[in-house]
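Worksheet for the structure shown next.
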Amino acid sequence: MVEMPGLDEKLSDIYQEVLARNPGEMEFHQAIHEVFESLGPVLAKHTKYGDEAVLRRLCEPERQIIFRVSWVDDAGTVQINRGFRVEFNSALGPYKGGLRFHPSVYLGIVKFLGFEQTFKNALTGMPIGGAKGGSDFEPKGRSDAEVMRFCQAFMTELYRHIGEHTDVPAGDIGVAGRELGYLFGQYKRITNRYESGVLTGKGLTWGGSQVRTEATGYGTVYFTNEILKSRGESFDGQRVVVSGSGNVAIYAIEKVHQLGGTVVACSDSSGCVVDENGIDLEVLKDIKLRRRGRISEYASLRGGTVISTSNGSIWDVPCDIALPSATQNELNGRDAKALLTNGCRIVAEGANMPCTPEAVEVLTESGAVFAPGKAANAGGVATSALEMQQNASRDSWTFEHTESRLVEIMRGIHDSCLETAEEYGAPGNYSLGANIAGFTRVADAMIAQGVI
Ligand code: GLU
């Protein structure tokens, strides 16, 4: 067999097996390769992980569900979509992870996200396993009634697979408060149970948690703040670029501004805007959250010196800190070089796997700090676990209390990445630290629970 660059013989063999068993699932291959690249030192130190063939089991989801979603659009036409739920790993708790509604969704994307989620959830230190789901449904351009009928049809199959002790979905791209409401309503109707803990990201009056909406974006910024603090710096005066303008990006921008930095650019799939005075969050929220509009409207609403472009790259905008918060593989090697040339020193992933392997290599080799999504964006799922705690005790906490728990959790993840990186001979390497810390937690629990 051909040895893969960056992998020792055992890992290389398992990786070849993964390629053969999961043909065409590029993103899944990429996510596994990225974790395997970090595991050399831990396998060399602890033979138990290799002996128990834990790695082979870790790469095979415990359950993969694919189902038809049929629904009727406003014109009376029957539409067919494909639904997915990949229950990846339950060593540490019930399966936990979001649902993504986007035309790009196929099994390979859901598996990459479920694999990442397993390590991310382990890093939070909370009792949650890893899963992901979704559909190739495109919510853009659909009426509220269509989105509701789609969500009801989706849940009509999904409900039999989930439960507060089994599998707990939440949101991701294309799934937020509105969709979770329709999904929860249908689950309740079918099962005749008000089972609050079956979904997270619920509305505040019906079992949701304070800070859950903001948590992924806030958490990414808190993580970055810990990086800055470890170098004796703060957000004060930092120039920041945040890609995307969805749930993660909006609340990342809000927290950067609260901590004294300035976000000068953000984007959506149609282009990006640069506002040297700092992105006006109220204008952005109005366009994106209230009207579901396009980012180009920002320039016409804000006027002045705002630059709006549909063909330039957001990564060409000079900044000290970049927070890619849109989607996978949105920042490539060229972009990483452009960021470095313009003085960027920290890249923290708000989205899941937004940096390509080449970008990560460019950043790491240059000595810039790279914080992987499974650590930096874990605040969302961590707050979901806090929502589950509140649901289990029929309690609801204040915003301040919940946010202070989020800050503590992000600090804990940050410190555990750094300590693990140090312990395994790669000081300052957040990727290696995150991968090894997440892996050892999951692997230890799998070994303890036997070959299942
Ligand atoms: N989709 C989010 C993530 O990527 C949150 C998942 C959850 O809260 O279960 O981590």
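If you're wondering about the labels, chains in the structure tokens are A, B, ... by order shown, residues count from 1 in each chain, ligands from 1 in order shown.
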Show me which residues sit within 9 Å of ligand 1 when counting only C-alpha atoms and all ligand atoms, and put them as a PyMOL selection string.
chain A and resi 95-100+113-114+116-117+120-121+130-132+168-173+175+199-201+212+216+351-352+373-374+377-385
Spatial neighbours of Val274 (chain A), 12 Å, only C-alpha atoms, chain gap at least 3 places, as a ChimeraX atom specification
/A:239-243,262-267,271,277-280,295-296,298-299,302-310,312-319
Deliver the residues from the most recent selection as a file, using C-alpha atoms, as an mmCIF file, in the first residue's frame.
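Generated output (result_39.cif):
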```cif
data_model
loop_
_atom_site.group_PDB
_atom_site.id
_atom_site.type_symbol
_atom_site.label_atom_id
_atom_site.label_comp_id
_atom_site.auth_asym_id
_atom_site.auth_seq_id
_atom_site.Cartn_x
_atom_site.Cartn_y
_atom_site.Cartn_z
ATOM 1 C CA ARG A 239 -8.724 44.537 13.274
ATOM 2 C CA VAL A 240 -10.830 41.473 12.544
ATOM 3 C CA VAL A 241 -12.343 39.885 9.433
ATOM 4 C CA VAL A 242 -15.270 37.470 9.871
ATOM 5 C CA SER A 243 -16.490 35.552 6.836
ATOM 6 C CA THR A 262 -13.305 46.098 15.146
ATOM 7 C CA VAL A 263 -14.750 43.771 12.520
ATOM 8 C CA VAL A 264 -14.182 45.439 9.155
ATOM 9 C CA ALA A 265 -15.571 42.827 6.758
ATOM 10 C CA CYS A 266 -18.118 40.041 6.464
ATOM 11 C CA SER A 267 -19.707 38.128 3.567
ATOM 12 C CA GLY A 271 -20.058 38.583 -2.043
ATOM 13 C CA ASN A 277 -15.775 52.078 10.521
ATOM 14 C CA GLY A 278 -16.706 48.624 11.760
ATOM 15 C CA ILE A 279 -19.655 46.479 10.641
ATOM 16 C CA ASP A 280 -22.913 48.020 11.876
ATOM 17 C CA ILE A 295 -25.120 41.149 1.983
ATOM 18 C CA SER A 296 -24.938 43.630 -0.937
ATOM 19 C CA TYR A 298 -25.597 46.418 3.497
ATOM 20 C CA ALA A 299 -23.719 48.906 1.274
ATOM 21 C CA ARG A 302 -25.117 52.043 5.201
ATOM 22 C CA GLY A 303 -23.850 54.182 2.299
ATOM 23 C CA GLY A 304 -20.656 56.239 2.881
ATOM 24 C CA THR A 305 -17.387 54.464 2.256
ATOM 25 C CA VAL A 306 -18.631 50.878 2.406
ATOM 26 C CA ILE A 307 -17.166 48.710 -0.347
ATOM 27 C CA SER A 308 -19.291 45.860 -1.643
ATOM 28 C CA THR A 309 -17.872 43.309 -4.053
ATOM 29 C CA SER A 310 -19.139 40.132 -5.605
ATOM 30 C CA GLY A 312 -13.000 39.831 -4.602
ATOM 31 C CA SER A 313 -11.946 37.510 -1.764
ATOM 32 C CA ILE A 314 -12.676 38.545 1.811
ATOM 33 C CA TRP A 315 -9.263 37.101 2.728
ATOM 34 C CA ASP A 316 -7.558 39.917 0.795
ATOM 35 C CA VAL A 317 -8.843 42.412 3.369
ATOM 36 C CA PRO A 318 -5.947 43.242 5.750
ATOM 37 C CA CYS A 319 -6.559 42.165 9.371
#
```
Expected answer as a short mmCIF file (atom, residue, chain, number, x, y, z; two decimals) with C-alpha atoms, in the first residue's frame: strand (DSSP E) residues in region 227-345 of chain A:
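See out_26.cif below for the written result:
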```
data_model
loop_
_atom_site.label_atom_id
_atom_site.label_comp_id
_atom_site.auth_asym_id
_atom_site.auth_seq_id
_atom_site.Cartn_x
_atom_site.Cartn_y
_atom_site.Cartn_z
CA ARG A 239 -8.72 44.54 13.27
CA VAL A 240 -10.83 41.47 12.54
CA VAL A 241 -12.34 39.88 9.43
CA VAL A 242 -15.27 37.47 9.87
CA SER A 243 -16.49 35.55 6.84
CA THR A 262 -13.31 46.10 15.15
CA VAL A 263 -14.75 43.77 12.52
CA VAL A 264 -14.18 45.44 9.15
CA ALA A 265 -15.57 42.83 6.76
CA CYS A 266 -18.12 40.04 6.46
CA SER A 267 -19.71 38.13 3.57
CA ASP A 268 -22.29 35.74 2.20
CA GLY A 271 -20.06 38.58 -2.04
CA CYS A 272 -18.51 40.58 0.77
CA VAL A 273 -18.62 44.05 2.31
CA VAL A 274 -15.80 46.08 3.82
CA ILE A 307 -17.17 48.71 -0.35
CA SER A 308 -19.29 45.86 -1.64
CA THR A 309 -17.87 43.31 -4.05
CA ILE A 321 -7.33 38.20 13.23
CA ALA A 322 -9.46 36.15 10.80
CA LEU A 323 -12.51 34.16 11.90
CA PRO A 324 -13.74 32.03 8.96
#
```
Write out as a PyMOL selection string the residues lying within 12 Å of Lys111 (chain A), counting only C-alpha atoms and excluding same-chain residues fewer than 4 positions away.
chain A and resi 18+22+25-32+58-66+84-89+97+105-107+115-118+130-134
May I have the residues from that selection written out with N, CA and C atoms, as a short mmCIF file (atom, residue, chain, number, x, y, z; two decimals), in the first residue's frame?
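Writing the result to part38.cif gives the following:
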```cif
data_model
loop_
_atom_site.label_atom_id
_atom_site.label_comp_id
_atom_site.auth_asym_id
_atom_site.auth_seq_id
_atom_site.Cartn_x
_atom_site.Cartn_y
_atom_site.Cartn_z
N VAL A 18 -10.31 3.47 4.88
CA VAL A 18 -11.39 4.47 4.91
C VAL A 18 -11.69 4.94 3.49
N ASN A 22 -15.39 4.28 1.71
CA ASN A 22 -16.25 5.47 1.60
C ASN A 22 -15.91 6.25 0.34
N GLU A 25 -16.30 10.38 -0.88
CA GLU A 25 -16.72 11.26 0.22
C GLU A 25 -15.54 12.11 0.67
N MET A 26 -15.15 13.03 -0.19
CA MET A 26 -13.96 13.87 -0.01
C MET A 26 -13.83 14.55 1.34
N GLU A 27 -14.92 15.18 1.76
CA GLU A 27 -14.85 15.94 3.01
C GLU A 27 -14.62 15.02 4.19
N PHE A 28 -15.22 13.82 4.12
CA PHE A 28 -15.04 12.83 5.19
C PHE A 28 -13.58 12.36 5.22
N HIS A 29 -13.02 12.10 4.05
CA HIS A 29 -11.60 11.71 3.98
C HIS A 29 -10.73 12.80 4.59
N GLN A 30 -11.03 14.04 4.21
CA GLN A 30 -10.23 15.18 4.67
C GLN A 30 -10.27 15.29 6.20
N ALA A 31 -11.46 15.13 6.78
CA ALA A 31 -11.60 15.27 8.24
C ALA A 31 -10.83 14.16 8.95
N ILE A 32 -10.87 12.95 8.40
CA ILE A 32 -10.15 11.84 9.03
C ILE A 32 -8.64 12.04 8.90
N LEU A 58 -13.56 3.94 15.29
CA LEU A 58 -13.85 5.38 15.32
C LEU A 58 -14.22 5.95 13.95
N CYS A 59 -13.69 5.31 12.90
CA CYS A 59 -13.94 5.83 11.54
C CYS A 59 -15.23 5.29 10.94
N GLU A 60 -15.88 4.37 11.63
CA GLU A 60 -17.11 3.79 11.09
C GLU A 60 -18.29 4.28 11.95
N PRO A 61 -19.21 5.08 11.39
CA PRO A 61 -20.32 5.58 12.20
C PRO A 61 -21.12 4.42 12.79
N GLU A 62 -21.63 4.62 14.02
CA GLU A 62 -22.42 3.54 14.65
C GLU A 62 -23.70 3.28 13.85
N ARG A 63 -24.28 4.32 13.29
CA ARG A 63 -25.52 4.13 12.52
C ARG A 63 -25.63 5.26 11.48
N GLN A 64 -26.06 4.90 10.26
CA GLN A 64 -26.25 5.91 9.22
C GLN A 64 -27.65 5.76 8.65
N ILE A 65 -28.44 6.79 8.79
CA ILE A 65 -29.84 6.72 8.35
C ILE A 65 -30.04 7.66 7.16
N ILE A 66 -30.61 7.13 6.10
CA ILE A 66 -30.93 7.95 4.92
C ILE A 66 -32.40 7.75 4.61
N PHE A 84 -30.90 12.87 6.16
CA PHE A 84 -29.80 12.08 6.72
C PHE A 84 -29.73 12.26 8.23
N ARG A 85 -29.33 11.22 8.93
CA ARG A 85 -28.87 11.35 10.30
C ARG A 85 -27.77 10.32 10.49
N VAL A 86 -26.57 10.81 10.78
CA VAL A 86 -25.45 9.89 11.02
C VAL A 86 -25.13 9.94 12.51
N GLU A 87 -25.42 8.83 13.19
CA GLU A 87 -25.17 8.73 14.63
C GLU A 87 -23.78 8.14 14.77
N PHE A 88 -22.82 9.03 14.97
CA PHE A 88 -21.43 8.63 14.77
C PHE A 88 -20.84 7.87 15.94
N ASN A 89 -20.97 8.42 17.12
CA ASN A 89 -20.29 7.80 18.26
C ASN A 89 -21.02 8.13 19.56
N GLY A 97 -25.63 16.63 17.85
CA GLY A 97 -25.08 17.43 16.76
C GLY A 97 -26.22 17.99 15.93
N VAL A 105 -25.71 19.26 0.79
CA VAL A 105 -25.67 18.15 1.76
C VAL A 105 -25.80 16.79 1.06
N TYR A 106 -24.82 15.91 1.33
CA TYR A 106 -24.88 14.51 0.90
C TYR A 106 -24.19 13.71 2.00
N LEU A 107 -24.16 12.40 1.85
CA LEU A 107 -23.67 11.58 2.95
C LEU A 107 -22.26 11.95 3.42
N PHE A 115 -18.15 13.15 12.34
CA PHE A 115 -16.82 12.75 12.83
C PHE A 115 -16.20 13.90 13.64
N GLU A 116 -16.22 15.10 13.06
CA GLU A 116 -15.70 16.28 13.75
C GLU A 116 -16.42 16.51 15.08
N GLN A 117 -17.76 16.33 15.00
CA GLN A 117 -18.59 16.61 16.17
C GLN A 117 -18.21 15.70 17.34
N THR A 118 -17.85 14.46 17.03
CA THR A 118 -17.48 13.51 18.08
C THR A 118 -16.30 14.04 18.91
N GLY A 130 -21.38 12.04 19.42
CA GLY A 130 -21.31 12.84 18.20
C GLY A 130 -22.27 12.37 17.12
N ALA A 131 -22.93 13.31 16.46
CA ALA A 131 -23.84 13.00 15.35
C ALA A 131 -23.98 14.22 14.45
N LYS A 132 -24.59 14.04 13.31
CA LYS A 132 -24.96 15.15 12.45
C LYS A 132 -26.05 14.67 11.51
N GLY A 133 -26.83 15.62 11.01
CA GLY A 133 -27.87 15.23 10.07
C GLY A 133 -28.22 16.38 9.17
N GLY A 134 -29.26 16.19 8.37
CA GLY A 134 -29.68 17.29 7.52
C GLY A 134 -30.34 16.81 6.27
#
```
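Distance check against Lys202 (chain A) using only C-alpha atoms: of A:Val360, A:Met446, A:Ile190, A:Ala176, the minimum falls on A:Ala176.
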